[in-house]
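What follows is a short report on a single structure.
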Amino acid sequence: MTSSAGELAIQGESDIVAARRTVRDAAARLGFGVTDVTRIVTAASELARNVFKYAGEGVMRWRYLEEGNRSGLELQFVDQGPGIGDIGRALEEGYSTGGGLGMGLPGARRLMDEMEIQSATGKGTTVTLKKWRRI
Amino acid sequence: MDHAISVVKVRQVLMVTMPPDPDDTTVTALQEKVLNAVERYGARGVVLDISAVETLDSFFARTVSETAQMVSLMGGRTVVAGMRPAVAVTATQIGLTLGNIETALTTERALELAAAEPVRRKAR
């Protein structure tokens, strides 16, 4: 039986690799082409690293989407970390509070079709991403 | 160990092969391993073969870019070879430019480039 949803704990650096593998497998099974699979996996890699780097730990959830006659993949990254103080700035290219390139969030947004960020300072961050399959 | 980075010396050039899906520790180790090998073997250049790499995220790209810069400071030349089409599309979309690193389609071509005299760049 193949599942249409799943969850993965992000607790260590090796879980970034695990997240990439899980997402690669899920995206490929849904029928995404190699370029879209690479886009989705790259976005997942950026966000899984953010969870580990900023919050220490969190969860990645994925599920298949069906909407009318289109299907897609949803990824959600949830943590109880420090939260994002200024979401607007965090989406600006080159802005980073963690010594990175500041390309993670803006890059992920460009690679996916939809991205939604919910964050409260001191409470955590939830990033939800969607990619639709072109038929 | 499927995460190992292989470094082989061919003539005056170090051929560095990246595994398909390296973790961050392996990517970070790349830098030290390459710089040490450049010194130990007196290499003229480095070819970084990423033809097996399936995901080039911003962390990986930054490390590659920095490593090339460091090799350049040591007097060597770095050529990145074999980027997959899907990886190139994704990297461009994300805005990764890999700085002013030289690239080549194949490792053979990269080897020729890396073995040539280092390009003298003017200070910016």
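Following the order of the structure tokens, first chain is A, next is B, and so on, with residues numbered from 1 inside each chain and ligands from 1 in the order they appear.
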
Contacts of segment 94-101 of chain B within 7 Å, only C-alpha atoms, excl. fewer than 3 positions in-chain, as a list in words
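In the requested form, the answer reads Gly107, Arg110 and Leu111 of chain A; Ala61, Ser65, Ala68, Val79, Thr90 and Ala91 of chain B.
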
Distance filter 10 Å, only C-alpha atoms, chain A against chain B, as a PyMOL selection string
chain A and resi 13-18+20-21+24+33-46+49+93+100-111

Write the residues you've just listed into a file as a short mmCIF file (atom, residue, chain, number, x, y, z; two decimals), in the first residue's frame, and include C-alpha atoms for each of them.
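The resulting part-v5.cif:
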```
data_model
loop_
_atom_site.label_atom_id
_atom_site.label_comp_id
_atom_site.auth_asym_id
_atom_site.auth_seq_id
_atom_site.Cartn_x
_atom_site.Cartn_y
_atom_site.Cartn_z
CA GLU A 13 21.23 17.39 10.43
CA SER A 14 20.77 13.95 8.88
CA ASP A 15 17.02 14.55 8.85
CA ILE A 16 17.56 17.21 6.16
CA VAL A 17 18.74 14.37 3.92
CA ALA A 18 15.82 12.22 5.08
CA ARG A 20 14.87 15.34 0.73
CA ARG A 21 14.50 11.58 0.17
CA ARG A 24 11.73 13.08 -3.78
CA GLY A 33 8.84 15.32 -14.05
CA VAL A 34 12.51 15.39 -13.10
CA THR A 35 12.79 19.21 -13.19
CA ASP A 36 9.76 19.71 -10.95
CA VAL A 37 10.97 16.96 -8.61
CA THR A 38 14.30 18.78 -8.34
CA ARG A 39 12.52 22.10 -7.66
CA ILE A 40 10.35 20.57 -4.94
CA VAL A 41 13.23 18.69 -3.30
CA THR A 42 15.42 21.81 -3.32
CA ALA A 43 12.67 23.87 -1.67
CA ALA A 44 12.21 21.12 0.93
CA SER A 45 15.94 21.09 1.61
CA GLU A 46 15.98 24.84 2.28
CA ARG A 49 17.49 23.22 7.12
CA GLU A 93 16.54 38.14 -1.09
CA GLY A 100 23.19 32.34 5.49
CA LEU A 101 22.82 33.65 1.97
CA GLY A 102 19.25 34.74 2.61
CA MET A 103 18.05 32.66 -0.31
CA GLY A 104 16.17 29.90 1.50
CA LEU A 105 12.68 31.36 1.83
CA PRO A 106 12.60 33.56 -1.29
CA GLY A 107 14.15 30.71 -3.29
CA ALA A 108 11.62 28.18 -2.04
CA ARG A 109 8.79 30.55 -2.92
CA ARG A 110 9.98 30.83 -6.50
CA LEU A 111 10.37 27.06 -6.86
#
```

With only C-alpha atoms as the counted atoms, please give the residues lying no more than 6 Å from segment 2-18 of chain B, apart from itself and same-chain residues fewer than 5 positions off, as a PDB file with N, CA and C atoms, in the first residue's frame.
```pdb
ATOM      1  N   ALA B  43      48.627  20.853  -6.479  1.00  0.00           N
ATOM      2  CA  ALA B  43      47.766  20.809  -7.667  1.00  0.00           C
ATOM      3  C   ALA B  43      47.633  22.181  -8.306  1.00  0.00           C
ATOM      4  N   ARG B  44      47.488  22.158  -9.599  1.00  0.00           N
ATOM      5  CA  ARG B  44      47.336  23.398 -10.357  1.00  0.00           C
ATOM      6  C   ARG B  44      45.868  23.813 -10.414  1.00  0.00           C
ATOM      7  N   GLY B  45      45.021  22.821 -10.380  1.00  0.00           N
ATOM      8  CA  GLY B  45      43.595  23.109 -10.455  1.00  0.00           C
ATOM      9  C   GLY B  45      42.754  22.016  -9.825  1.00  0.00           C
ATOM     10  N   VAL B  46      41.460  22.304  -9.709  1.00  0.00           N
ATOM     11  CA  VAL B  46      40.509  21.365  -9.126  1.00  0.00           C
ATOM     12  C   VAL B  46      39.307  21.239 -10.051  1.00  0.00           C
ATOM     13  N   VAL B  47      38.915  19.999 -10.325  1.00  0.00           N
ATOM     14  CA  VAL B  47      37.673  19.771 -11.048  1.00  0.00           C
ATOM     15  C   VAL B  47      36.665  19.215 -10.058  1.00  0.00           C
ATOM     16  N   LEU B  48      35.564  19.902  -9.924  1.00  0.00           N
ATOM     17  CA  LEU B  48      34.524  19.463  -9.014  1.00  0.00           C
ATOM     18  C   LEU B  48      33.406  18.831  -9.835  1.00  0.00           C
ATOM     19  N   ASP B  49      33.373  17.522  -9.805  1.00  0.00           N
ATOM     20  CA  ASP B  49      32.397  16.786 -10.601  1.00  0.00           C
ATOM     21  C   ASP B  49      31.087  16.662  -9.829  1.00  0.00           C
ATOM     22  N   ILE B  50      30.054  17.378 -10.293  1.00  0.00           N
ATOM     23  CA  ILE B  50      28.767  17.312  -9.597  1.00  0.00           C
ATOM     24  C   ILE B  50      27.713  16.613 -10.467  1.00  0.00           C
TER      25      ILE B  50
END
```

So how far away is atom CA of Phe32 of chain A from atom CA of Gln76 of chain A, in Å?
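Between these atoms lies a distance of 18.4 Å.
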
When you count only C-alpha atoms, which of these residues is closest to Lys33 of chain B: B:Ala104, B:Ala52, B:Ala114, B:Val71?
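Using only C-alpha atoms, Lys33 of chain B sits closest to B:Val71.
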
Considering only C-alpha atoms, state which residue in the set A:Lys131, A:Tyr54, A:Ala90, A:Thr97 is at the smallest distance from Ile117 of chain A.
A:Ala90

Exercise: segment 67-75 of chain A partners within 10 Å, only C-alpha atoms, chain neighbours under 3 positions left out, as a ChimeraX atom specification
/A:4-7,23,26-27,30-32,40,43-44,47,60-64,78,112-115,127-135

Sel. of strand (DSSP E) residues, segment 57-115 of chain B, as a PyMOL selection string:
chain B and resi 77-81+102-104

Written selection (C-alpha atoms) as an mmCIF file, in the first residue's frame:
```cif
data_model
loop_
_atom_site.group_PDB
_atom_site.id
_atom_site.type_symbol
_atom_site.label_atom_id
_atom_site.label_comp_id
_atom_site.auth_asym_id
_atom_site.auth_seq_id
_atom_site.Cartn_x
_atom_site.Cartn_y
_atom_site.Cartn_z
ATOM 1 C CA ARG B 77 41.777 27.084 -10.647
ATOM 2 C CA THR B 78 38.421 25.434 -9.966
ATOM 3 C CA VAL B 79 36.086 24.158 -12.643
ATOM 4 C CA VAL B 80 32.647 22.788 -11.770
ATOM 5 C CA ALA B 81 31.638 20.027 -14.147
ATOM 6 C CA GLU B 102 34.181 28.372 -14.292
ATOM 7 C CA THR B 103 31.977 25.531 -15.442
ATOM 8 C CA ALA B 104 32.179 22.785 -18.015
#
```

Where does DSSP see helix (DSSP H, G or I) in chain B, if you list the residues as an NGL selection string?
:B and (24-41 or 58-73 or 85-94 or 107-115)

Residue neighbourhood Val59 of chain A, 10 Å, only C-alpha atoms, exclusion window fewer than 5 positions, as a count of residues only:
15

Please compute the atom CA of Met70 of chain B-atom CA of Leu111 of chain B distance, one decimal, in Å.
18.8 Å

Atom CA of Asn50 of chain A to atom CA of Val34 of chain B, distance in Å rounded to a single decimal:
26.9 Å
